>>> print(open('coords.txt').read())   # compact mmCIF, N, CA and C atoms
# COMPACT_ATOMS: atom_id res chain seq x y z
N MET A 212 -3.18 -15.90 1.52
CA MET A 212 -2.42 -15.12 0.56
C MET A 212 -2.70 -13.63 0.74
N ASP A 213 -3.89 -13.26 1.21
CA ASP A 213 -4.17 -11.85 1.41
C ASP A 213 -3.23 -11.24 2.44
N ILE A 214 -2.81 -12.03 3.42
CA ILE A 214 -1.88 -11.52 4.43
C ILE A 214 -0.57 -11.12 3.76
N VAL A 215 -0.11 -11.93 2.84
CA VAL A 215 1.14 -11.63 2.13
C VAL A 215 0.95 -10.37 1.29
N ARG A 216 -0.18 -10.26 0.62
CA ARG A 216 -0.45 -9.06 -0.18
C ARG A 216 -0.52 -7.82 0.71
N ASN A 217 -1.18 -7.95 1.86
CA ASN A 217 -1.26 -6.82 2.80
C ASN A 217 0.14 -6.39 3.24
N LYS A 218 1.02 -7.35 3.46
CA LYS A 218 2.39 -7.01 3.87
C LYS A 218 3.12 -6.25 2.78
N ILE A 219 2.91 -6.65 1.55
CA ILE A 219 3.56 -5.95 0.43
C ILE A 219 3.04 -4.53 0.32
N VAL A 220 1.73 -4.34 0.44
CA VAL A 220 1.17 -2.99 0.43
C VAL A 220 1.78 -2.18 1.56
N GLY A 221 1.89 -2.79 2.73
CA GLY A 221 2.48 -2.11 3.88
C GLY A 221 3.94 -1.74 3.65
N GLU A 222 4.69 -2.63 3.01
CA GLU A 222 6.10 -2.34 2.72
C GLU A 222 6.23 -1.16 1.78
N VAL A 223 5.37 -1.11 0.77
CA VAL A 223 5.41 0.01 -0.18
C VAL A 223 4.99 1.30 0.53
N LEU A 224 3.96 1.21 1.35
CA LEU A 224 3.51 2.38 2.10
C LEU A 224 4.64 2.91 2.99
N THR A 225 5.34 2.02 3.66
CA THR A 225 6.46 2.41 4.52
C THR A 225 7.55 3.08 3.69
N ALA A 226 7.88 2.49 2.55
CA ALA A 226 8.93 3.06 1.70
C ALA A 226 8.56 4.46 1.23
N VAL A 227 7.31 4.64 0.81
CA VAL A 227 6.86 5.95 0.36
C VAL A 227 6.94 6.96 1.50
N ARG A 228 6.46 6.56 2.65
CA ARG A 228 6.49 7.46 3.81
C ARG A 228 7.91 7.89 4.12
N ARG A 229 8.83 6.96 4.12
CA ARG A 229 10.23 7.27 4.43
C ARG A 229 10.86 8.14 3.35
N GLU A 230 10.51 7.88 2.09
CA GLU A 230 11.05 8.70 1.00
C GLU A 230 10.62 10.17 1.13
N HIS A 231 9.45 10.37 1.71
CA HIS A 231 8.95 11.73 1.91
C HIS A 231 9.35 12.27 3.29
N LEU A 232 10.24 11.54 3.97
CA LEU A 232 10.79 11.96 5.26
C LEU A 232 9.71 12.22 6.31
N LEU A 233 8.72 11.34 6.33
CA LEU A 233 7.63 11.46 7.29
C LEU A 233 7.69 10.32 8.30
N THR A 234 7.24 10.60 9.49
CA THR A 234 7.11 9.56 10.51
C THR A 234 5.68 9.03 10.47
N GLN A 235 5.45 7.93 11.16
CA GLN A 235 4.08 7.42 11.27
C GLN A 235 3.20 8.46 11.97
N GLU A 236 3.76 9.15 12.93
CA GLU A 236 3.00 10.19 13.63
C GLU A 236 2.61 11.32 12.67
N ASP A 237 3.53 11.68 11.77
CA ASP A 237 3.22 12.71 10.78
C ASP A 237 2.03 12.29 9.91
N VAL A 238 2.09 11.07 9.42
CA VAL A 238 1.02 10.57 8.55
C VAL A 238 -0.30 10.48 9.33
N ALA A 239 -0.22 10.06 10.58
CA ALA A 239 -1.42 9.99 11.41
C ALA A 239 -2.05 11.38 11.55
N ALA A 240 -1.24 12.38 11.82
CA ALA A 240 -1.76 13.74 11.97
C ALA A 240 -2.36 14.25 10.67
N LEU A 241 -1.75 13.91 9.56
CA LEU A 241 -2.23 14.40 8.25
C LEU A 241 -3.50 13.69 7.78
N THR A 242 -3.68 12.44 8.20
CA THR A 242 -4.83 11.66 7.72
C THR A 242 -5.97 11.59 8.72
N GLY A 243 -5.68 11.84 9.98
CA GLY A 243 -6.70 11.71 11.01
C GLY A 243 -6.80 10.31 11.58
N TYR A 244 -5.92 9.42 11.15
CA TYR A 244 -5.88 8.08 11.72
C TYR A 244 -4.89 8.07 12.88
N SER A 245 -4.98 7.06 13.71
CA SER A 245 -4.03 6.96 14.82
C SER A 245 -2.70 6.42 14.32
N GLN A 246 -1.65 6.68 15.07
CA GLN A 246 -0.33 6.13 14.74
C GLN A 246 -0.40 4.62 14.76
N SER A 247 -1.20 4.05 15.65
CA SER A 247 -1.36 2.60 15.73
C SER A 247 -1.96 2.04 14.44
N THR A 248 -2.92 2.75 13.87
CA THR A 248 -3.52 2.32 12.60
C THR A 248 -2.49 2.36 11.48
N ILE A 249 -1.69 3.41 11.45
CA ILE A 249 -0.63 3.52 10.44
C ILE A 249 0.34 2.35 10.60
N SER A 250 0.74 2.08 11.83
CA SER A 250 1.67 0.99 12.11
C SER A 250 1.11 -0.36 11.67
N LYS A 251 -0.14 -0.62 12.00
CA LYS A 251 -0.76 -1.90 11.62
C LYS A 251 -0.87 -2.03 10.10
N THR A 252 -1.16 -0.93 9.43
CA THR A 252 -1.27 -0.96 7.97
C THR A 252 0.09 -1.25 7.36
N GLU A 253 1.12 -0.58 7.86
CA GLU A 253 2.47 -0.80 7.33
C GLU A 253 2.97 -2.20 7.62
N ALA A 254 2.54 -2.79 8.72
CA ALA A 254 2.97 -4.14 9.09
C ALA A 254 2.18 -5.22 8.35
N GLY A 255 1.14 -4.81 7.61
CA GLY A 255 0.32 -5.78 6.89
C GLY A 255 -0.73 -6.43 7.77
N GLN A 256 -0.92 -5.90 8.96
CA GLN A 256 -1.91 -6.45 9.88
C GLN A 256 -3.30 -5.88 9.63
N ARG A 257 -3.35 -4.87 8.79
CA ARG A 257 -4.61 -4.20 8.45
C ARG A 257 -4.62 -3.98 6.94
N GLN A 258 -5.72 -4.33 6.32
CA GLN A 258 -5.84 -4.12 4.88
C GLN A 258 -6.04 -2.62 4.61
N LEU A 259 -5.39 -2.12 3.57
CA LEU A 259 -5.54 -0.73 3.18
C LEU A 259 -6.64 -0.65 2.13
N PRO A 260 -7.82 -0.15 2.51
CA PRO A 260 -8.89 0.00 1.51
C PRO A 260 -8.44 0.92 0.38
N PHE A 261 -8.91 0.63 -0.81
CA PHE A 261 -8.49 1.37 -2.00
C PHE A 261 -8.65 2.87 -1.82
N ILE A 262 -9.80 3.31 -1.34
CA ILE A 262 -10.06 4.74 -1.19
C ILE A 262 -9.10 5.37 -0.18
N GLU A 263 -8.74 4.63 0.84
CA GLU A 263 -7.79 5.15 1.83
C GLU A 263 -6.41 5.34 1.23
N SER A 264 -6.07 4.54 0.23
CA SER A 264 -4.75 4.69 -0.39
C SER A 264 -4.61 6.09 -0.98
N TYR A 265 -5.70 6.64 -1.50
CA TYR A 265 -5.67 8.01 -2.04
C TYR A 265 -5.45 9.03 -0.93
N LEU A 266 -6.09 8.82 0.20
CA LEU A 266 -5.92 9.71 1.34
C LEU A 266 -4.48 9.67 1.84
N PHE A 267 -3.91 8.48 1.96
CA PHE A 267 -2.54 8.35 2.42
C PHE A 267 -1.59 9.00 1.42
N CYS A 268 -1.82 8.78 0.14
CA CYS A 268 -0.96 9.38 -0.88
C CYS A 268 -1.01 10.90 -0.82
N ALA A 269 -2.21 11.45 -0.70
CA ALA A 269 -2.35 12.91 -0.62
C ALA A 269 -1.60 13.45 0.59
N ALA A 270 -1.69 12.76 1.70
CA ALA A 270 -1.02 13.20 2.93
C ALA A 270 0.50 13.17 2.78
N MET A 271 1.00 12.20 2.01
CA MET A 271 2.44 12.04 1.88
C MET A 271 3.02 12.75 0.67
N GLY A 272 2.17 13.30 -0.19
CA GLY A 272 2.66 13.96 -1.39
C GLY A 272 3.06 13.01 -2.49
N GLU A 273 2.43 11.85 -2.52
CA GLU A 273 2.74 10.81 -3.51
C GLU A 273 1.58 10.73 -4.50
N ALA A 274 1.88 10.61 -5.78
CA ALA A 274 0.83 10.42 -6.78
C ALA A 274 0.21 9.04 -6.58
N PRO A 275 -1.12 8.96 -6.48
CA PRO A 275 -1.75 7.66 -6.25
C PRO A 275 -1.38 6.59 -7.28
N MET A 276 -1.29 6.96 -8.55
CA MET A 276 -0.93 5.96 -9.56
C MET A 276 0.49 5.46 -9.37
N ASP A 277 1.39 6.30 -8.89
CA ASP A 277 2.75 5.84 -8.60
C ASP A 277 2.73 4.80 -7.50
N PHE A 278 1.94 5.06 -6.45
CA PHE A 278 1.81 4.10 -5.35
C PHE A 278 1.23 2.79 -5.84
N ILE A 279 0.14 2.87 -6.60
CA ILE A 279 -0.52 1.66 -7.11
C ILE A 279 0.42 0.88 -8.03
N ASN A 280 1.16 1.58 -8.89
CA ASN A 280 2.11 0.90 -9.77
C ASN A 280 3.20 0.21 -8.98
N ARG A 281 3.68 0.84 -7.92
CA ARG A 281 4.72 0.21 -7.10
C ARG A 281 4.20 -1.06 -6.43
N VAL A 282 2.97 -1.02 -5.94
CA VAL A 282 2.36 -2.20 -5.34
C VAL A 282 2.21 -3.29 -6.41
N TYR A 283 1.74 -2.92 -7.59
CA TYR A 283 1.55 -3.87 -8.68
C TYR A 283 2.86 -4.54 -9.06
N ILE A 284 3.92 -3.77 -9.16
CA ILE A 284 5.24 -4.33 -9.50
C ILE A 284 5.69 -5.31 -8.43
N ARG A 285 5.54 -4.93 -7.15
CA ARG A 285 5.97 -5.83 -6.06
C ARG A 285 5.14 -7.12 -6.04
N LEU A 286 3.85 -7.00 -6.28
CA LEU A 286 3.01 -8.20 -6.32
C LEU A 286 3.45 -9.11 -7.46
N GLY A 287 3.79 -8.52 -8.59
CA GLY A 287 4.28 -9.30 -9.72
C GLY A 287 5.60 -9.99 -9.40
N GLU A 288 6.49 -9.29 -8.73
CA GLU A 288 7.78 -9.88 -8.34
C GLU A 288 7.60 -11.09 -7.44
N GLU A 289 6.53 -11.07 -6.65
CA GLU A 289 6.27 -12.18 -5.72
C GLU A 289 5.28 -13.20 -6.30
N ASN A 290 4.96 -13.06 -7.59
CA ASN A 290 4.00 -13.96 -8.26
C ASN A 290 2.66 -14.00 -7.54
N LEU A 291 2.18 -12.83 -7.12
CA LEU A 291 0.92 -12.75 -6.40
C LEU A 291 -0.20 -12.08 -7.19
N LEU A 292 0.03 -11.91 -8.48
CA LEU A 292 -1.01 -11.36 -9.34
C LEU A 292 -1.82 -12.51 -9.93
N PRO A 293 -3.09 -12.26 -10.22
CA PRO A 293 -3.90 -13.32 -10.85
C PRO A 293 -3.29 -13.74 -12.18
N VAL A 294 -3.42 -14.99 -12.48
CA VAL A 294 -2.91 -15.53 -13.73
C VAL A 294 -4.01 -15.40 -14.77
N GLU A 295 -3.67 -14.87 -15.93
CA GLU A 295 -4.65 -14.72 -16.99
C GLU A 295 -4.93 -16.09 -17.63
N LYS A 296 -6.20 -16.30 -17.95
CA LYS A 296 -6.59 -17.54 -18.63
C LYS A 296 -6.28 -17.39 -20.11
N PRO A 297 -5.83 -18.46 -20.75
CA PRO A 297 -5.66 -18.41 -22.22
C PRO A 297 -7.00 -18.13 -22.88
N GLU A 298 -6.97 -17.47 -24.04
CA GLU A 298 -8.20 -17.06 -24.73
C GLU A 298 -9.10 -18.24 -25.04
N ASP A 299 -8.57 -19.42 -25.34
CA ASP A 299 -9.41 -20.57 -25.69
C ASP A 299 -10.16 -21.15 -24.49
N GLU A 300 -9.82 -20.73 -23.27
CA GLU A 300 -10.51 -21.23 -22.07
C GLU A 300 -11.64 -20.31 -21.65
N GLU A 301 -11.79 -19.17 -22.28
CA GLU A 301 -12.82 -18.22 -21.87
C GLU A 301 -14.17 -18.57 -22.40
>>> encode(input="coords.txt", output="structure tokens")
Amino acid sequence: MDIVRNKIVGEVLTAVRREHLLTQEDVAALTGYSQSTISKTEAGQRQLPFIESYLFCAAMGEAPMDFINRVYIRLGEENLLPVEKPEDEE
């Protein structure tokens, strides 16, 4: 299931990058990562560590909470968020 979640994060990352009219090469230059790393992250082949999401957002001019909210919404749409336990089961 983490592979599916990684792909969703990558899809959102790609969408944000394109909305800011940036190429993978642009983001690589701004973050110090290779274009290959950007590509693997966008493809869901590489997990995006939480702290790196802030670096990517800063490089692309995206508010980190907007990025996180978009990922959260997409995960919810795909039923990939943890299910809350009813209060009587806690």
>>> closest_residue(input="coords.txt", among="A:Val282, A:Val220, A:Leu291, A:Leu241", to="Leu266 of chain A", atoms="all atoms listed in the file")
A:Leu241
>>> atom_distance(input="coords.txt", atom1="atom CA of Val238 of chain A", atom2="atom CA of Ala270 of chain A")
6.5 Å
>>> atom_distance(input="coords.txt", atom1="atom C of Ser264 of chain A", atom2="atom C of Lys218 of chain A")
15.0 Å
>>> closest_residue(input="coords.txt", among="A:Ile214, A:Val294, A:Leu259, A:Met271", to="Asp237 of chain A", atoms="only N, CA and C atoms")
A:Met271
>>> closest_residue(input="coords.txt", among="A:Val223, A:Ser250, A:Ile284, A:Tyr244", to="Glu263 of chain A", atoms="only C-alpha atoms")
A:Tyr244
>>> closest_residue(input="coords.txt", among="A:Arg257, A:Lys251, A:Arg229, A:Lys296", to="Arg216 of chain A", atoms="only C-alpha atoms")
A:Arg257
>>> select_by_dssp(input="coords.txt", residues="segment 221-267 of chain A", states="alpha helix (DSSP H)", output="MDAnalysis selection string")
chainID A and resid 221:230 235:242 246:253 261:267
>>> residues_around(input="coords.txt", residues="segment 226-228 of chain A", least_positions_apart="4", cutoff="8 Å", atoms="only N, CA and C atoms", output="count of residues only")
12
>>> atom_distance(input="coords.txt", atom1="atom C of Cys268 of chain A", atom2="atom CA of Gly255 of chain A")
18.4 Å
>>> decode(input="coords.txt", residues="segment 240-256 of chain A", atoms="C-alpha atoms", output="compact mmCIF listing (two decimals), in the first residue's frame")
# COMPACT_ATOMS: atom_id res chain seq x y z
CA ALA A 240 18.60 22.92 -9.60
CA LEU A 241 16.59 24.66 -6.88
CA THR A 242 16.76 21.77 -4.40
CA GLY A 243 20.19 20.34 -5.09
CA TYR A 244 18.77 16.94 -5.96
CA SER A 245 19.34 15.27 -9.30
CA GLN A 246 16.70 15.30 -12.02
CA SER A 247 16.64 11.51 -11.66
CA THR A 248 15.70 11.84 -7.98
CA ILE A 249 12.90 14.26 -8.86
CA SER A 250 11.67 11.86 -11.54
CA LYS A 251 11.71 8.86 -9.19
CA THR A 252 9.87 10.82 -6.51
CA GLU A 253 7.20 11.96 -8.95
CA ALA A 254 6.80 8.41 -10.27
CA GLY A 255 6.29 7.07 -6.74
CA GLN A 256 9.46 5.00 -6.93
